[in-house]
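Structure file upload.txt with compact mmCIF, N, CA and C atoms:
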```
# COMPACT_ATOMS: atom_id res chain seq x y z
N MET A 10 33.46 -3.36 256.81
CA MET A 10 32.97 -2.08 257.25
C MET A 10 32.34 -1.34 256.08
N SER A 11 31.11 -0.93 256.22
CA SER A 11 30.43 -0.26 255.14
C SER A 11 30.62 1.26 255.17
N VAL A 12 30.96 1.81 256.34
CA VAL A 12 31.15 3.25 256.49
C VAL A 12 32.62 3.58 256.42
N LYS A 13 32.97 4.66 255.68
CA LYS A 13 34.37 5.06 255.60
C LYS A 13 34.78 5.70 256.93
N TRP A 14 35.88 5.24 257.50
CA TRP A 14 36.35 5.72 258.79
C TRP A 14 37.11 7.01 258.63
N ASP A 15 36.78 8.05 259.42
CA ASP A 15 37.42 9.36 259.29
C ASP A 15 38.72 9.48 260.10
N GLY A 16 39.07 8.48 260.90
CA GLY A 16 40.31 8.50 261.65
C GLY A 16 40.20 9.17 263.00
N LYS A 17 39.06 9.78 263.31
CA LYS A 17 38.89 10.49 264.58
C LYS A 17 37.89 9.79 265.49
N SER A 18 36.74 9.46 264.94
CA SER A 18 35.70 8.86 265.78
C SER A 18 35.98 7.38 265.99
N ARG A 19 35.44 6.87 267.10
CA ARG A 19 35.64 5.46 267.41
C ARG A 19 34.48 4.64 266.88
N ILE A 20 34.78 3.45 266.49
CA ILE A 20 33.75 2.53 266.04
C ILE A 20 33.12 1.91 267.28
N SER A 21 31.82 2.02 267.43
CA SER A 21 31.21 1.41 268.61
C SER A 21 30.48 0.14 268.19
N ASN A 22 31.23 -0.92 268.21
CA ASN A 22 30.64 -2.23 267.96
C ASN A 22 30.82 -3.07 269.21
N ASP A 23 30.41 -4.31 269.16
CA ASP A 23 30.47 -5.16 270.36
C ASP A 23 31.90 -5.39 270.84
N THR A 24 32.84 -5.51 269.92
CA THR A 24 34.24 -5.74 270.31
C THR A 24 34.79 -4.55 271.08
N TYR A 25 34.47 -3.34 270.61
CA TYR A 25 34.93 -2.12 271.29
C TYR A 25 34.32 -2.04 272.69
N ARG A 26 33.02 -2.29 272.81
CA ARG A 26 32.35 -2.23 274.10
C ARG A 26 32.92 -3.25 275.09
N GLU A 27 33.20 -4.45 274.62
CA GLU A 27 33.77 -5.47 275.49
C GLU A 27 35.16 -5.08 275.97
N SER A 28 35.96 -4.52 275.07
CA SER A 28 37.31 -4.09 275.45
C SER A 28 37.24 -2.94 276.45
N TRP A 29 36.31 -2.00 276.22
CA TRP A 29 36.16 -0.87 277.13
C TRP A 29 35.76 -1.36 278.51
N ASP A 30 34.81 -2.26 278.57
CA ASP A 30 34.37 -2.82 279.84
C ASP A 30 35.52 -3.56 280.54
N ARG A 31 36.30 -4.30 279.78
CA ARG A 31 37.40 -5.06 280.35
C ARG A 31 38.45 -4.12 280.95
N ILE A 32 38.73 -3.02 280.28
CA ILE A 32 39.77 -2.10 280.76
C ILE A 32 39.27 -1.26 281.93
N PHE A 33 38.11 -0.60 281.78
CA PHE A 33 37.69 0.39 282.76
C PHE A 33 36.84 -0.17 283.90
N LYS A 34 36.36 -1.38 283.80
CA LYS A 34 35.60 -1.94 284.91
C LYS A 34 36.45 -2.83 285.82
N THR A 35 37.56 -3.32 285.31
CA THR A 35 38.39 -4.19 286.14
C THR A 35 39.66 -3.51 286.62
N ASN A 36 40.10 -2.43 285.95
CA ASN A 36 41.33 -1.74 286.32
C ASN A 36 40.99 -0.54 287.20
N PRO A 37 41.29 -0.58 288.51
CA PRO A 37 40.91 0.52 289.40
C PRO A 37 41.62 1.83 289.10
N ILE A 38 42.83 1.78 288.57
CA ILE A 38 43.57 3.00 288.26
C ILE A 38 42.93 3.70 287.06
N ALA A 39 42.57 2.96 286.02
CA ALA A 39 41.92 3.54 284.85
C ALA A 39 40.57 4.12 285.23
N LYS A 40 39.89 3.49 286.16
CA LYS A 40 38.59 3.99 286.62
C LYS A 40 38.78 5.30 287.39
N GLU A 41 39.81 5.38 288.22
CA GLU A 41 40.08 6.58 289.03
C GLU A 41 40.46 7.77 288.17
N VAL A 42 41.23 7.54 287.11
CA VAL A 42 41.69 8.62 286.25
C VAL A 42 40.53 9.28 285.50
N ARG A 43 39.45 8.58 285.29
CA ARG A 43 38.31 9.13 284.56
C ARG A 43 37.35 9.91 285.46
N THR A 44 37.65 10.08 286.74
CA THR A 44 36.79 10.82 287.66
C THR A 44 37.10 12.32 287.58
N PRO A 45 36.22 13.19 288.08
CA PRO A 45 36.47 14.64 288.07
C PRO A 45 37.69 15.06 288.90
N LYS A 46 38.17 14.18 289.76
CA LYS A 46 39.36 14.49 290.56
C LYS A 46 40.56 14.80 289.67
N TYR A 47 40.67 14.15 288.53
CA TYR A 47 41.81 14.33 287.63
C TYR A 47 41.47 15.18 286.42
N LYS A 48 40.45 16.04 286.53
CA LYS A 48 40.09 16.88 285.39
C LYS A 48 41.12 17.99 285.23
N PRO A 49 41.37 18.46 284.01
CA PRO A 49 42.36 19.52 283.80
C PRO A 49 42.01 20.80 284.56
N ARG A 50 43.00 21.43 285.15
CA ARG A 50 42.80 22.66 285.90
C ARG A 50 43.67 23.78 285.33
N VAL A 51 43.21 25.02 285.47
CA VAL A 51 43.98 26.18 285.02
C VAL A 51 44.94 26.57 286.14
N VAL A 52 46.21 26.69 285.80
CA VAL A 52 47.23 27.04 286.78
C VAL A 52 47.74 28.44 286.47
N LYS A 53 47.74 29.33 287.47
CA LYS A 53 48.21 30.70 287.28
C LYS A 53 49.72 30.71 287.09
N ALA A 54 50.19 31.50 286.11
CA ALA A 54 51.62 31.58 285.81
C ALA A 54 52.36 32.29 286.93
N LYS A 55 53.51 31.74 287.33
CA LYS A 55 54.35 32.37 288.34
C LYS A 55 55.48 33.17 287.70
N LYS A 56 55.90 32.76 286.52
CA LYS A 56 56.96 33.44 285.78
C LYS A 56 56.49 33.62 284.35
N GLY A 57 57.05 34.60 283.67
CA GLY A 57 56.77 34.76 282.25
C GLY A 57 55.54 35.61 281.97
N LYS A 58 55.02 35.48 280.77
CA LYS A 58 53.91 36.31 280.29
C LYS A 58 52.65 36.04 281.12
N GLY A 59 52.02 37.10 281.57
CA GLY A 59 50.78 36.96 282.32
C GLY A 59 50.95 36.81 283.81
N SER A 60 52.18 36.93 284.31
CA SER A 60 52.40 36.71 285.73
C SER A 60 52.64 38.01 286.50
N PHE A 61 52.71 39.15 285.81
CA PHE A 61 53.01 40.42 286.47
C PHE A 61 51.82 40.88 287.30
N LYS A 62 52.08 41.29 288.55
CA LYS A 62 51.03 41.79 289.44
C LYS A 62 51.27 43.27 289.70
N ARG A 63 50.23 44.08 289.63
CA ARG A 63 50.35 45.52 289.82
C ARG A 63 50.03 45.96 291.25
N LYS A 64 49.76 45.08 292.14
CA LYS A 64 49.41 45.46 293.51
C LYS A 64 50.63 46.03 294.22
N ARG A 65 50.41 47.17 294.89
CA ARG A 65 51.49 47.78 295.67
C ARG A 65 51.40 47.31 297.11
N LYS A 66 52.52 47.15 297.73
CA LYS A 66 52.54 46.78 299.14
C LYS A 66 52.26 48.01 299.99
N GLU A 67 51.42 47.85 300.98
CA GLU A 67 51.12 48.96 301.91
C GLU A 67 52.25 49.05 302.92
N PRO A 68 52.68 50.24 303.24
CA PRO A 68 53.70 50.37 304.29
C PRO A 68 53.13 49.93 305.63
N GLU A 69 54.01 49.40 306.47
CA GLU A 69 53.57 48.82 307.75
C GLU A 69 53.03 49.88 308.72
N ASP A 70 53.62 51.10 308.71
CA ASP A 70 53.17 52.11 309.65
C ASP A 70 52.03 52.96 309.12
N GLY A 71 51.61 52.76 307.91
CA GLY A 71 50.50 53.51 307.35
C GLY A 71 50.90 54.79 306.65
N TRP A 72 52.18 55.17 306.76
CA TRP A 72 52.65 56.40 306.12
C TRP A 72 53.09 56.10 304.72
N SER A 73 52.62 56.89 303.73
CA SER A 73 52.91 56.58 302.34
C SER A 73 54.25 57.13 301.88
N GLY A 74 54.86 58.07 302.63
CA GLY A 74 56.16 58.60 302.25
C GLY A 74 56.05 59.88 301.45
N ILE A 75 54.87 60.31 301.11
CA ILE A 75 54.67 61.55 300.36
C ILE A 75 54.47 62.68 301.37
N VAL A 76 55.27 63.76 301.23
CA VAL A 76 55.19 64.88 302.17
C VAL A 76 54.42 66.01 301.57
```
Could you quickly redo this structure as structure tokens?
Amino acid sequence: MSVKWDGKSRISNDTYRESWDRIFKTNPIAKEVRTPKYKPRVVKAKKGKGSFKRKRKEPEDGWSGIV
């Protein structure tokens, strides 16, 4: 190898391409995981920081209780 490897990027040579093709073209589960169906989604917090809601419930009869 003539280029110093930085530890992050992948080497794209023929061996890497063949291995990638072998894994992702023949394995249906690996192929499915790479689709947008499994993309990360933002989930709203139900408990803890950021989950407090300030909406007030409306009374059922329409009367606010203030005289």
Between atom CA of Arg19 of chain A and atom CA of Arg43 of chain A, what distance in Å does the model show, to one decimal? 17.7 Å
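Put simply, atom CA of Arg50 of chain A is 23.7 Å away from atom C of Phe33 of chain A.
Between atom N of Trp29 of chain A and atom C of Tyr47 of chain A the interatomic distance comes to 20.6 Å.
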